[in-house]
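Raw start_1.tsv, TSV, C-alpha atoms and all ligand atoms:
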chain	number	residue	atom	x	y	z
A	1	MET	CA	28.52	1.71	-13.12
A	2	SER	CA	24.70	1.70	-13.13
A	3	ASP	CA	22.50	4.83	-12.97
A	4	LEU	CA	22.69	4.51	-9.19
A	5	GLY	CA	26.49	4.25	-9.33
A	6	LEU	CA	26.47	0.53	-8.48
A	7	HIS	CA	28.26	-2.52	-9.90
A	8	VAL	CA	27.62	-3.56	-13.50
A	9	PRO	CA	29.49	-6.66	-14.73
A	10	GLU	CA	31.88	-6.50	-17.63
A	11	VAL	CA	30.86	-8.40	-20.72
A	12	ARG	CA	33.19	-9.86	-23.33
A	13	THR	CA	31.01	-11.51	-25.97
A	14	ASP	CA	27.99	-10.36	-27.99
A	15	LEU	CA	25.78	-12.92	-26.25
A	16	GLU	CA	26.88	-11.68	-22.82
A	17	ARG	CA	25.99	-8.12	-23.91
A	18	ARG	CA	22.55	-9.19	-25.14
A	19	VAL	CA	21.88	-11.09	-21.92
A	20	LEU	CA	22.94	-8.13	-19.79
A	21	ASP	CA	20.70	-5.81	-21.84
A	22	ARG	CA	17.80	-8.19	-21.29
A	23	LEU	CA	18.44	-8.33	-17.54
A	24	ALA	CA	17.62	-4.62	-17.44
A	25	THR	CA	13.99	-5.69	-17.88
A	26	VAL	CA	14.03	-7.77	-14.68
A	27	GLN	CA	12.91	-5.88	-11.59
A	28	ASP	CA	13.74	-6.69	-8.01
A	29	PRO	CA	10.28	-7.64	-6.68
A	30	GLU	CA	10.66	-5.59	-3.51
A	31	ILE	CA	12.59	-2.52	-4.60
A	32	ARG	CA	10.86	-2.45	-7.98
A	33	ARG	CA	13.86	-1.30	-9.97
A	34	PRO	CA	15.89	-3.23	-12.56
A	35	VAL	CA	18.35	-5.70	-11.02
A	36	THR	CA	21.04	-4.26	-13.27
A	37	GLU	CA	20.54	-0.79	-11.76
A	38	LEU	CA	20.73	-2.15	-8.20
A	39	GLY	CA	24.16	-3.75	-8.64
A	40	MET	CA	22.60	-7.19	-8.18
A	41	VAL	CA	24.01	-8.76	-11.35
A	42	GLU	CA	27.45	-9.93	-10.32
A	43	SER	CA	28.48	-11.57	-13.58
A	44	VAL	CA	27.28	-12.76	-16.97
A	45	VAL	CA	29.62	-15.37	-18.44
A	46	GLU	CA	29.31	-17.37	-21.67
A	47	THR	CA	30.78	-20.61	-20.39
A	48	ALA	CA	30.41	-22.42	-23.75
A	49	PRO	CA	29.02	-21.19	-27.07
A	50	GLY	CA	25.30	-20.42	-26.48
A	51	THR	CA	25.48	-21.24	-22.75
A	52	VAL	CA	25.38	-18.46	-20.21
A	53	GLU	CA	25.91	-18.40	-16.47
A	54	VAL	CA	24.32	-15.45	-14.66
A	55	THR	CA	25.18	-14.75	-11.04
A	56	VAL	CA	22.73	-12.57	-9.10
A	57	LEU	CA	23.55	-11.23	-5.65
A	58	LEU	CA	20.67	-11.05	-3.19
A	59	THR	CA	20.56	-8.37	-0.53
A	60	ILE	CA	20.45	-10.84	2.35
A	61	GLU	CA	21.05	-14.56	2.77
A	62	ALA	CA	17.49	-15.27	3.90
A	63	CYS	CA	15.93	-13.37	0.99
A	64	PRO	CA	12.37	-14.73	0.79
A	65	LEU	CA	12.22	-13.92	-2.90
A	66	ARG	CA	15.28	-15.91	-4.00
A	67	GLY	CA	13.15	-18.29	-6.09
A	68	THR	CA	11.14	-15.47	-7.68
A	69	ILE	CA	14.26	-13.57	-8.70
A	70	GLN	CA	15.93	-16.72	-10.05
A	71	GLY	CA	12.80	-17.57	-12.04
A	72	ASP	CA	12.38	-14.04	-13.40
A	73	VAL	CA	16.01	-13.93	-14.54
A	74	ALA	CA	15.83	-17.36	-16.18
A	75	ALA	CA	12.56	-16.47	-17.95
A	76	ALA	CA	13.90	-13.15	-19.22
A	77	VAL	CA	17.13	-14.64	-20.57
A	78	ALA	CA	15.56	-17.79	-22.04
A	79	ASP	CA	14.59	-16.23	-25.37
A	80	VAL	CA	17.59	-13.99	-25.90
A	81	PRO	CA	18.66	-14.75	-29.49
A	82	GLY	CA	21.60	-17.15	-29.52
A	83	CYS	CA	21.10	-18.26	-25.92
A	84	ASP	CA	20.55	-22.04	-25.78
A	85	ALA	CA	20.95	-22.56	-22.05
A	86	VAL	CA	21.11	-20.38	-18.98
A	87	ASP	CA	22.27	-21.24	-15.49
A	88	VAL	CA	21.16	-18.74	-12.84
A	89	ARG	CA	23.21	-18.75	-9.66
A	90	THR	CA	22.60	-16.70	-6.55
A	91	GLY	CA	24.97	-15.28	-4.00
A	92	VAL	CA	24.72	-12.69	-1.25
A	93	MET	CA	25.98	-9.11	-1.30
A	94	SER	CA	28.93	-8.28	0.90
A	95	PRO	CA	28.10	-5.85	3.73
A	96	GLU	CA	29.91	-3.10	1.78
A	97	ARG	CA	27.85	-3.74	-1.35
A	98	ARG	CA	24.64	-3.78	0.69
A	99	LEU	CA	25.55	-0.49	2.33
A	100	ALA	CA	26.35	1.07	-1.04
A	101	LEU	CA	22.92	-0.04	-2.29
A	102	GLN	CA	21.15	1.49	0.69
A	103	ASP	CA	23.11	4.71	0.35
A	104	ALA	CA	22.28	4.92	-3.33
A	105	LEU	CA	18.57	4.28	-2.71
A	106	ARG	CA	18.51	6.79	0.11
A	107	ALA	CA	20.29	9.43	-1.97
A	108	ALA	CA	17.75	8.90	-4.74
A	109	ARG	CA	14.84	9.93	-2.53
A	110	PRO	CA	14.07	12.72	-0.09
A	111	ALA	CA	14.03	11.93	3.66
A	112	ASN	CA	10.24	12.15	3.73
A	113	PRO	CA	9.14	11.01	0.29
A	114	PHE	CA	5.62	12.30	0.95
A	115	GLY	CA	6.62	15.78	2.10
A	116	GLU	CA	6.59	19.07	0.21
A	117	GLY	CA	6.40	18.67	-3.55
A	118	SER	CA	5.50	14.96	-3.45
A	119	LEU	CA	3.35	13.73	-6.31
A	120	THR	CA	1.89	10.89	-4.26
A	121	ARG	CA	-1.73	11.22	-3.25
A	122	VAL	CA	-1.95	10.23	0.41
A	123	LEU	CA	-5.32	9.02	1.66
A	124	ALA	CA	-5.71	8.43	5.40
A	125	VAL	CA	-8.72	6.21	6.07
A	126	ALA	CA	-10.56	7.10	9.26
A	127	SER	CA	-13.67	5.92	11.06
A	128	GLY	CA	-15.42	7.08	14.20
A	129	LYS	CA	-15.61	3.65	15.80
A	130	GLY	CA	-14.26	0.16	15.26
A	131	GLY	CA	-15.87	-2.59	13.24
A	132	VAL	CA	-17.43	-0.46	10.51
A	133	GLY	CA	-15.27	-2.15	7.88
A	134	LYS	CA	-12.60	0.53	7.53
A	135	SER	CA	-9.79	-1.99	7.07
A	136	SER	CA	-11.78	-4.10	4.60
A	137	VAL	CA	-12.57	-1.00	2.56
A	138	THR	CA	-8.92	0.16	2.66
A	139	ALA	CA	-7.53	-3.22	1.58
A	140	ASN	CA	-9.99	-3.45	-1.30
A	141	LEU	CA	-9.37	0.09	-2.48
A	142	ALA	CA	-5.62	-0.56	-2.47
A	143	VAL	CA	-5.83	-3.61	-4.71
A	144	ALA	CA	-8.51	-2.02	-6.92
A	145	LEU	CA	-6.32	1.05	-7.49
A	146	ALA	CA	-3.28	-1.17	-8.18
A	147	ALA	CA	-5.36	-3.20	-10.65
A	148	ARG	CA	-6.03	0.08	-12.48
A	149	GLY	CA	-2.29	0.39	-13.01
A	150	LEU	CA	-1.47	2.82	-10.21
A	151	ALA	CA	1.60	2.33	-8.01
A	152	VAL	CA	0.05	1.81	-4.57
A	153	GLY	CA	1.44	1.64	-1.04
A	154	LEU	CA	-0.49	0.78	2.11
A	155	ILE	CA	0.43	1.55	5.71
A	156	ASP	CA	-1.55	-0.34	8.34
A	157	ALA	CA	-1.35	2.01	11.30
A	158	ASP	CA	-4.30	0.47	13.14
A	159	VAL	CA	-2.23	-0.52	16.17
A	160	HIS	CA	-4.90	-2.33	18.11
A	161	GLY	CA	-6.68	-3.98	15.24
A	162	TYR	CA	-4.05	-4.43	12.55
A	163	SER	CA	-5.85	-6.64	10.09
A	164	ILE	CA	-4.48	-5.60	6.70
A	165	PRO	CA	-1.99	-8.50	6.34
A	166	GLY	CA	-4.79	-11.02	6.89
A	167	LEU	CA	-7.19	-9.21	4.56
A	168	LEU	CA	-4.63	-9.19	1.75
A	169	GLY	CA	-3.19	-12.62	2.47
A	170	VAL	CA	0.30	-11.26	3.17
A	171	THR	CA	2.48	-13.92	4.72
A	172	ALA	CA	5.88	-12.47	3.83
A	173	SER	CA	7.75	-10.29	6.29
A	174	PRO	CA	9.43	-7.05	5.37
A	175	THR	CA	13.12	-7.41	4.49
A	176	LYS	CA	15.26	-5.37	6.85
A	177	LEU	CA	18.52	-3.97	5.53
A	178	ASP	CA	20.03	-2.29	8.57
A	179	ARG	CA	17.97	0.92	8.61
A	180	MET	CA	16.00	0.39	5.45
A	181	ILE	CA	12.84	-1.69	5.27
A	182	LEU	CA	11.65	-3.29	2.04
A	183	PRO	CA	7.88	-3.85	2.24
A	184	PRO	CA	6.35	-7.08	0.97
A	185	VAL	CA	4.43	-6.63	-2.27
A	186	VAL	CA	1.11	-8.42	-2.53
A	187	ARG	CA	-1.28	-8.09	-5.46
A	188	ASP	CA	0.93	-5.25	-6.66
A	189	VAL	CA	0.49	-3.31	-3.41
A	190	LYS	CA	3.46	-2.50	-1.18
A	191	VAL	CA	2.26	-3.23	2.33
A	192	ILE	CA	3.66	-2.44	5.72
A	193	SER	CA	1.79	-3.18	8.92
A	194	ILE	CA	2.51	-2.48	12.51
A	195	GLY	CA	1.53	-6.13	13.04
A	196	MET	CA	4.62	-7.25	11.08
A	197	PHE	CA	6.79	-5.89	13.88
A	198	LEU	CA	4.90	-7.18	16.89
A	199	ASP	CA	4.72	-10.48	18.68
A	200	GLU	CA	1.11	-11.56	18.08
A	201	ASP	CA	0.61	-12.95	21.57
A	202	ARG	CA	2.06	-10.02	23.48
A	203	PRO	CA	-0.20	-7.02	23.90
A	204	VAL	CA	1.53	-3.68	23.56
A	205	ALA	CA	0.48	-0.58	25.43
A	206	TRP	CA	1.02	2.11	22.84
A	207	ARG	CA	1.63	5.64	23.94
A	208	GLY	CA	1.38	8.61	21.62
A	209	PRO	CA	5.13	9.13	21.08
A	210	MET	CA	5.64	5.44	20.26
A	211	LEU	CA	2.90	5.57	17.69
A	212	HIS	CA	4.35	8.70	16.20
A	213	ARG	CA	7.79	7.11	15.96
A	214	ALA	CA	6.39	3.95	14.38
A	215	LEU	CA	4.52	5.91	11.75
A	216	GLU	CA	7.55	8.11	11.14
A	217	GLN	CA	9.63	4.99	10.49
A	218	PHE	CA	7.06	3.67	8.06
A	219	VAL	CA	7.17	6.96	6.20
A	220	THR	CA	10.92	7.49	6.13
A	221	ASP	CA	12.64	4.11	6.54
A	222	VAL	CA	10.46	2.05	4.24
A	223	HIS	CA	11.58	2.06	0.64
A	224	TRP	CA	8.35	2.98	-1.14
A	225	GLY	CA	9.73	3.99	-4.52
A	226	ASP	CA	7.53	6.28	-6.61
A	227	LEU	CA	3.93	5.84	-5.54
A	228	ASP	CA	0.80	7.26	-7.12
A	229	VAL	CA	-1.26	6.58	-4.02
A	230	LEU	CA	-0.42	5.82	-0.39
A	231	LEU	CA	-3.30	4.60	1.76
A	232	VAL	CA	-3.03	4.74	5.55
A	233	ASP	CA	-5.40	2.60	7.63
A	234	LEU	CA	-5.84	4.63	10.82
A	235	PRO	CA	-7.07	3.28	14.13
A	236	PRO	CA	-10.72	4.14	14.77
A	237	GLY	CA	-11.48	7.41	16.51
A	238	THR	CA	-9.65	10.68	16.74
A	239	GLY	CA	-6.52	9.59	18.58
A	240	ASP	CA	-2.86	10.50	18.43
A	241	ILE	CA	-2.10	8.67	15.24
A	242	ALA	CA	-4.56	10.75	13.24
A	243	ILE	CA	-2.69	13.85	14.37
A	244	SER	CA	0.69	12.25	13.69
A	245	THR	CA	-0.52	11.39	10.20
A	246	ALA	CA	-1.41	15.00	9.56
A	247	GLN	CA	2.03	16.10	10.76
A	248	LEU	CA	4.12	13.46	8.99
A	249	LEU	CA	2.03	13.42	5.83
A	250	PRO	CA	1.02	17.06	5.51
A	251	ALA	CA	-0.62	16.64	2.14
A	252	SER	CA	-2.73	13.69	3.27
A	253	GLU	CA	-6.48	13.77	2.73
A	254	LEU	CA	-8.99	11.96	4.92
A	255	LEU	CA	-11.34	9.28	3.69
A	256	VAL	CA	-14.11	8.71	6.22
A	257	VAL	CA	-15.80	5.31	6.48
A	258	THR	CA	-19.15	5.02	8.25
A	259	THR	CA	-22.09	2.66	8.44
A	260	PRO	CA	-25.51	4.03	7.45
A	261	GLN	CA	-26.66	4.17	11.07
A	262	HIS	CA	-27.45	7.65	12.41
A	263	ALA	CA	-25.50	7.16	15.66
A	264	ALA	CA	-22.47	5.79	13.80
A	265	ALA	CA	-22.62	8.68	11.36
A	266	GLN	CA	-22.45	11.19	14.18
A	267	VAL	CA	-19.29	9.58	15.54
A	268	ALA	CA	-17.76	9.34	12.06
A	269	ALA	CA	-18.45	13.01	11.42
A	270	ARG	CA	-16.51	13.81	14.58
A	271	ALA	CA	-13.50	11.88	13.25
A	272	GLY	CA	-13.77	13.74	9.97
A	273	GLN	CA	-14.02	17.08	11.74
A	274	LEU	CA	-10.49	16.58	12.94
A	275	ALA	CA	-9.54	17.78	9.47
A	276	GLU	CA	-10.64	21.22	10.57
A	277	GLN	CA	-7.80	21.37	13.10
A	278	THR	CA	-5.16	19.59	11.06
A	279	GLY	CA	-5.78	21.45	7.81
A	280	GLN	CA	-6.35	18.22	5.89
A	281	ALA	CA	-8.88	17.99	3.11
A	282	VAL	CA	-11.57	15.34	3.24
A	283	ALA	CA	-11.43	13.38	-0.01
A	284	GLY	CA	-14.83	11.88	0.63
A	285	VAL	CA	-17.04	9.60	2.65
A	286	ILE	CA	-17.64	5.90	2.04
A	287	GLU	CA	-20.73	4.26	3.46
A	288	ASN	CA	-20.18	0.59	4.32
A	289	MET	CA	-22.57	-2.16	5.42
A	290	GLY	CA	-25.32	-0.41	3.48
A	291	PRO	CA	-28.69	-1.95	2.49
A	292	MET	CA	-28.36	-5.36	0.84
A	293	THR	CA	-30.74	-6.75	-1.78
A	294	LEU	CA	-31.76	-10.36	-1.17
A	295	PRO	CA	-32.24	-12.84	-4.04
A	296	ASP	CA	-36.05	-12.29	-3.92
A	297	GLY	CA	-35.58	-8.55	-4.36
A	298	THR	CA	-36.27	-7.59	-0.75
A	299	VAL	CA	-33.97	-4.89	0.58
A	300	LEU	CA	-32.52	-5.60	3.99
A	301	ASP	CA	-31.15	-2.50	5.67
A	302	VAL	CA	-29.63	-3.94	8.83
A	303	PHE	CA	-27.93	-0.67	9.76
A	304	GLY	CA	-30.52	1.66	8.29
A	305	ALA	CA	-29.76	4.03	5.44
A	306	GLY	CA	-28.49	7.53	4.78
A	307	GLY	CA	-25.56	7.73	7.22
A	308	GLY	CA	-22.96	8.25	4.49
A	309	GLN	CA	-24.76	11.24	3.01
A	310	GLU	CA	-25.36	12.59	6.49
A	311	VAL	CA	-21.61	12.55	7.26
A	312	ALA	CA	-20.72	14.07	3.88
A	313	ASP	CA	-23.23	16.91	4.34
A	314	ARG	CA	-22.15	17.62	7.88
A	315	LEU	CA	-18.46	17.70	6.99
A	316	ALA	CA	-19.10	19.93	4.01
A	317	ARG	CA	-20.90	22.37	6.30
A	318	VAL	CA	-18.18	22.36	8.96
A	319	LEU	CA	-15.21	22.46	6.58
A	320	GLY	CA	-16.73	24.85	4.10
A	321	SER	CA	-15.73	22.72	1.10
A	322	ALA	CA	-17.45	20.03	-0.95
A	323	VAL	CA	-17.24	16.55	0.55
A	324	PRO	CA	-18.54	13.86	-1.81
A	325	LEU	CA	-20.17	10.59	-0.82
A	326	LEU	CA	-17.92	8.33	-2.90
A	327	GLY	CA	-20.14	5.28	-2.72
A	328	SER	CA	-22.23	2.96	-0.59
A	329	VAL	CA	-20.93	-0.57	-0.14
A	330	PRO	CA	-23.72	-2.99	0.77
A	331	LEU	CA	-23.52	-5.69	3.40
A	332	ASP	CA	-22.33	-8.65	1.36
A	333	PRO	CA	-21.15	-12.08	2.47
A	334	ALA	CA	-18.72	-12.07	-0.49
A	335	LEU	CA	-16.82	-9.18	1.11
A	336	ARG	CA	-16.58	-11.00	4.42
A	337	ARG	CA	-15.48	-14.22	2.72
A	338	GLY	CA	-12.82	-12.39	0.70
A	339	GLY	CA	-11.49	-10.80	3.87
A	340	ASP	CA	-11.40	-14.07	5.76
A	341	SER	CA	-9.49	-15.85	3.00
A	342	GLY	CA	-7.10	-13.00	2.23
A	343	ASP	CA	-8.54	-12.64	-1.26
A	344	PRO	CA	-10.14	-9.18	-1.51
A	345	VAL	CA	-13.64	-9.13	-2.96
A	346	VAL	CA	-12.77	-6.66	-5.73
A	347	LEU	CA	-10.55	-9.41	-7.18
A	348	SER	CA	-12.24	-12.62	-5.97
A	349	ALA	CA	-15.84	-11.58	-6.73
A	350	PRO	CA	-15.68	-8.39	-8.82
A	351	ASP	CA	-19.31	-8.77	-9.91
A	352	SER	CA	-20.68	-9.09	-6.38
A	353	PRO	CA	-22.59	-6.04	-5.10
A	354	ALA	CA	-19.76	-5.08	-2.70
A	355	GLY	CA	-17.09	-5.76	-5.34
A	356	ARG	CA	-18.82	-3.45	-7.80
A	357	ALA	CA	-19.42	-0.71	-5.25
A	358	LEU	CA	-15.79	-0.75	-4.11
A	359	ALA	CA	-14.50	-0.70	-7.70
A	360	GLY	CA	-16.74	2.34	-8.25
A	361	VAL	CA	-15.18	4.14	-5.28
A	362	ALA	CA	-11.69	3.27	-6.57
A	363	GLU	CA	-12.61	4.66	-9.97
A	364	ARG	CA	-13.80	7.94	-8.47
A	365	LEU	CA	-10.60	8.24	-6.46
A	366	ALA	CA	-8.40	7.35	-9.43
A	367	VAL	CA	-9.87	9.91	-11.80
A	368	ARG	CA	-10.11	12.84	-9.43
A	369	PRO	CA	-7.52	15.38	-10.48
A	370	ARG	CA	-4.81	16.19	-7.99
A	371	GLY	CA	-4.46	19.72	-6.79
A	372	LEU	CA	-5.01	22.09	-3.94
A	373	ALA	CA	-8.74	22.48	-4.52
A	374	GLY	CA	-10.64	21.87	-1.34
A	375	ARG	CA	-7.53	21.84	0.84
A	376	ARG	CA	-7.75	24.21	3.76
A	377	LEU	CA	-4.88	26.04	5.27
A	378	PRO	CA	-3.92	24.88	8.74
A	379	LEU	CA	-5.33	26.98	11.51
A	380	SER	CA	-2.13	26.98	13.51
A	381	PRO	CA	1.45	26.76	12.25
A	382	ARG	CA	2.86	23.25	12.32
H	1	LIG	N1	-19.86	-4.65	3.54
H	1	LIG	C1	-19.64	-5.69	4.34
H	1	LIG	N2	-20.39	-6.83	4.24
H	1	LIG	C2	-20.17	-7.89	5.03
H	1	LIG	N3	-19.24	-7.93	5.99
H	1	LIG	C3	-18.45	-6.85	6.14
H	1	LIG	C4	-18.61	-5.68	5.34
H	1	LIG	N4	-17.67	-4.78	5.72
H	1	LIG	C5	-16.96	-5.35	6.71
H	1	LIG	N5	-17.42	-6.60	6.97
H	1	LIG	C6	-16.93	-7.52	8.01
H	1	LIG	O1	-17.01	-6.83	9.25
H	1	LIG	C7	-15.91	-7.13	10.07
H	1	LIG	C8	-15.19	-5.86	10.49
H	1	LIG	O2	-14.54	-5.30	9.36
H	1	LIG	P1	-13.13	-4.56	9.45
H	1	LIG	O3	-12.16	-5.34	10.26
H	1	LIG	O4	-12.75	-4.17	8.08
H	1	LIG	O5	-13.58	-3.29	10.28
H	1	LIG	P2	-12.72	-2.08	10.87
H	1	LIG	O6	-13.61	-0.90	10.86
H	1	LIG	O7	-11.44	-1.97	10.17
H	1	LIG	O8	-12.50	-2.54	12.33
H	1	LIG	P3	-11.34	-2.01	13.33
H	1	LIG	O9	-11.07	-0.60	12.96
H	1	LIG	O10	-12.02	-2.18	14.67
H	1	LIG	O11	-10.19	-2.91	13.12
H	1	LIG	C9	-15.05	-8.10	9.28
H	1	LIG	O12	-15.35	-9.39	9.67
H	1	LIG	C10	-15.48	-7.87	7.85
H	1	LIG	O13	-15.33	-9.02	7.05
Could you write out this file's structure as C-alpha cells?
Ligand SMILES: Nc1ncnc2c1ncn2[C@@H]1O[C@H](COP(=O)(O)OP(=O)(O)OP(=O)(O)O)[C@@H](O)[C@H]1O
Amino acid sequence: MSDLGLHVPEVRTDLERRVLDRLATVQDPEIRRPVTELGMVESVVETAPGTVEVTVLLTIEACPLRGTIQGDVAAAVADVPGCDAVDVRTGVMSPERRLALQDALRAARPANPFGEGSLTRVLAVASGKGGVGKSSVTANLAVALAARGLAVGLIDADVHGYSIPGLLGVTASPTKLDRMILPPVVRDVKVISIGMFLDEDRPVAWRGPMLHRALEQFVTDVHWGDLDVLLVDLPPGTGDIAISTAQLLPASELLVVTTPQHAAAQVAARAGQLAEQTGQAVAGVIENMGPMTLPDGTVLDVFGAGGGQEVADRLARVLGSAVPLLGSVPLDPALRRGGDSGDPVVLSAPDSPAGRALAGVAERLAVRPRGLAGRRLPLSPR
C-alpha cells in the first residue's frame, strides 16, 4: 500500500524494484503527487531480461494528459540501470479505484484547505471598476510567483469578465472526478475559472447565492494540494463575491488595483475600504496603466499619475494600518500583446517596462513575511 493507502504493484525482480523506485519521481501533472502514491501504477513487469512493461492507470478514459503521463514515465524509466527497453501502457481506473483515490485525497486535506491554520497566503485582487487591468495583473503575478518556485493557485471569480484562461493560454478543461475537480496546470499555476463551467454564448444572470456556491466549490471541491499562494481574481466593485471571499477565505488579504487617475483612485479606495467591514488586511495597492516612457524619452501619462499612492494613503488612514504601494506598472503594448496571445508579459518580455514592474511586485509579495501583522479583527462575528 502507498502512503495514501492505495495500490502498489508487487515486484519480483531487481529491475522491477528499481523501476518502481524510479516511478516515485514521476508526478501526476494535475494532482502533483507521485503516481506511485496515487495508486496509478498498476504493474511493473520484466517481460524479458532488460525489458520492462509498465502499466499506468489514468483516472478517467478521456484524460487529457495521457500523453504527458506516458512520456514522463518513459523518460523517468529510460535511464534506470539495466533497463534496455520500456513499454508504457495505459488503462483506466475502475470506479472503485477512482473512488478510493478521491477518498484518500479528501482525507488527506481539511474540508476548507484555506481555513483556520492554513499556511497558504490568499490574495484577493480587487478593483473599483472594470478595465483597469486587474485580471492582467493577477495572471502575471501568478506566473511570476510560480517562476520564483512558489506553489501557486489561481481562482478566476470574475463572473462577468472571466478572462484568466485567455490571458494564461489555458485550453485544457478541469478534470471532474465525481465531486472532485482537478484544475488544469499552466505555467506551473493551478487555474480554475468560472468560465470553464459556462457555455460561452449563453449569458448567465448570477445572483449572490449562486456566486457564493460557485466560489465555495472552487475552495472545497478543487484539489489544490499544498499551495504557498492562492490568488483570487474578483469581479470589479464591491459586490457579493468580495464578501463571500472574506467569509470563505477568512485569512485572505486584499490587493487593490487602480489606474493613476484621480477618479479611478477614489472608486478603488472604496473597494479597498470593504476590508474595514470584512476584517481583511490590505496587502497593498498596485497602480496599473501608469506613465509610459516613449523611445525619445518623453513621458506619456495617459491616465495621469499618483492614483496608486493616493489609494494606499487613503486606505492606510481608514484602516489604521500601513498599506504599501507595491509598484506602478506602466502602460505597455508588450503587456497587452502578452495578454492577447496567452503568453504573460513577465515570461514573454521580462525586460519590458511592464514585465519588470510586475516582477518587482511579485518579489515584494514573495518576500513579505507571513503573519498577523496588519490584520484587523472583524467588526462583527462571522
Ligand atoms: N499596463 C497595461 N498596458 C497596456 N495595456 C494594458 C495594461 N493593463 C491592461 N491592459 C489591457 O487593458 C485591457 C483590460 O485589461 P484587463 O482585462 O486585465 O482588465 P480588468 O480590470 O481585469 O477588467 P475587468 O475586471 O473588467 O474584466 C486588456 O486589453 C489589457 O491587455
message: Using all atoms listed in the file, which residues of the polymer chains come no farther than 6 Å from ligand LIG 1 (chain H)? I'd like the answer as a PyMOL selection string.
response: chain A and resi 130-136+161+235-236+288-289+329-333+335-336+339
task: Extract, using all atoms listed in the file, all DNA, RNA and protein residues at most 7 Å from Leu57 in chain A, discarding same-chain residues fewer than 6 positions from it, and format them as a list of chain:residue names.
output: A:Met40, A:Val41, A:Glu42, A:Thr90, A:Gly91, A:Val92, A:Met93
task: Quick one: everything within 12 Å of Asp79 in chain A, counting only C-alpha atoms, minus sequence neighbours fewer than 5 positions away in the same chain. Send it as JSON, numbers by chain.
output: {"A": [15, 18, 19, 22, 23, 50, 73, 74, 84, 85, 86]}
Keeping only C-alpha atoms, write the selected residues as a CSV table (one decimal), in the frame of the given file.
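Written output follows (part26.csv):
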chain,number,residue,atom,x,y,z
A,15,LEU,CA,25.8,-12.9,-26.2
A,18,ARG,CA,22.6,-9.2,-25.1
A,19,VAL,CA,21.9,-11.1,-21.9
A,22,ARG,CA,17.8,-8.2,-21.3
A,23,LEU,CA,18.4,-8.3,-17.5
A,50,GLY,CA,25.3,-20.4,-26.5
A,73,VAL,CA,16.0,-13.9,-14.5
A,74,ALA,CA,15.8,-17.4,-16.2
A,84,ASP,CA,20.6,-22.0,-25.8
A,85,ALA,CA,21.0,-22.6,-22.0
A,86,VAL,CA,21.1,-20.4,-19.0
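Within 6 Å of the file-frame point (-28.6, 3.3, 13.2), and using all atoms listed in the file, the polymer residues found are Gln261, His262, Ala263, Phe303 and Gly304 of chain A.
Our summary of the geometry notes that CA of Leu248 in chain A is positioned 10.7 Å from CA of Glu116 in chain A.
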task: Within 12 Å of Ala76 in chain A, counting only C-alpha atoms, which residues show up once you throw out same-chain ones fewer than 4 positions away? Write them as number ranges by chain, please.
output: A: 18-27, 35, 54, 69-72, 80-81, 83, 86, 88
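Of the residues listed (A:Gly355, A:Pro29, A:Gly153, A:Gly225), A:Pro29 shows the shortest atom-to-atom separation from Gly67 in chain A; distances use only C-alpha atoms.
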Interatomic distance (Å, one decimal) between CA of Ala251 in chain A and CA of Phe114 in chain A: 7.7 Å
task: Between A:Gly239, A:Gly308, A:Pro350, A:Gly342, single out the one closest to Glu287 in chain A, counting all atoms listed in the file.
output: A:Gly308
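CA of Ser94 in chain A is found 17.8 Å from CA of Pro64 in chain A.
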message: Env of range 97-109 of chain A: 7 Å cut, atoms = only C-alpha atoms, seq-sep filter 5 positions within chain, self excluded. Answer as a ChimeraX atom specification.
response: /A:4,38,59
Residues within 12 Å of (19.4, -11.4, 6.0), file coords, only C-alpha atoms, listed as a PyMOL selection string: chain A and resi 58-66+92-95+98+173-178+181-182
- request: List the neighbours of Val44 in chain A out to 7 Å using only C-alpha atoms; skip same-chain residues closer than 6 positions along the sequence, and give me the result as a VMD selection string.
  value: chain A and resid 9 11 16 20 52 to 55
field: Option closest in space to Val232 in chain A, from A:Val285, A:Leu215, A:Ala172, A:Val346 [counting only C-alpha atoms]
entry: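 With only C-alpha atoms as the atom set, the closest residue is A:Leu215.
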query: Which of these, A:Ala366, A:Arg356, A:Arg337, A:His212, has the shortest distance to Val152 in chain A once you count all atoms listed in the file?
result: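 Looking at the shortest contact to Val152 in chain A, the residue is A:Ala366.
With all atoms listed in the file as the atoms that count, the minimum distance from Ala312 in chain A to the choices A:Gln266, A:Gln277, A:Thr245, A:Thr138 is reached by A:Gln266.
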Fill-in result for range 168-176 of chain A, N, CA and C atoms as an mmCIF file, in the coordinates of the input:
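result_39.cif, written as the output of this step:
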data_model
loop_
_atom_site.group_PDB
_atom_site.id
_atom_site.type_symbol
_atom_site.label_atom_id
_atom_site.label_comp_id
_atom_site.auth_asym_id
_atom_site.auth_seq_id
_atom_site.Cartn_x
_atom_site.Cartn_y
_atom_site.Cartn_z
ATOM 1 N N LEU A 168 -5.273 -9.099 3.057
ATOM 2 C CA LEU A 168 -4.630 -9.190 1.750
ATOM 3 C C LEU A 168 -3.901 -10.512 1.555
ATOM 4 N N GLY A 169 -3.900 -11.337 2.586
ATOM 5 C CA GLY A 169 -3.190 -12.620 2.470
ATOM 6 C C GLY A 169 -1.682 -12.449 2.444
ATOM 7 N N VAL A 170 -1.166 -11.448 3.151
ATOM 8 C CA VAL A 170 0.300 -11.260 3.170
ATOM 9 C C VAL A 170 0.890 -12.208 4.200
ATOM 10 N N THR A 171 1.805 -13.046 3.765
ATOM 11 C CA THR A 171 2.480 -13.920 4.720
ATOM 12 C C THR A 171 3.950 -13.527 4.842
ATOM 13 N N ALA A 172 4.460 -12.841 3.817
ATOM 14 C CA ALA A 172 5.880 -12.470 3.830
ATOM 15 C C ALA A 172 6.145 -11.375 4.858
ATOM 16 N N SER A 173 7.352 -11.355 5.368
ATOM 17 C CA SER A 173 7.750 -10.290 6.290
ATOM 18 C C SER A 173 8.530 -9.251 5.503
ATOM 19 N N PRO A 174 8.607 -8.045 6.046
ATOM 20 C CA PRO A 174 9.430 -7.050 5.370
ATOM 21 C C PRO A 174 10.901 -7.487 5.445
ATOM 22 N N THR A 175 11.677 -7.128 4.446
ATOM 23 C CA THR A 175 13.120 -7.410 4.490
ATOM 24 C C THR A 175 13.792 -6.216 5.133
ATOM 25 N N LYS A 176 14.589 -6.480 6.175
ATOM 26 C CA LYS A 176 15.260 -5.370 6.850
ATOM 27 C C LYS A 176 16.714 -5.308 6.444
#
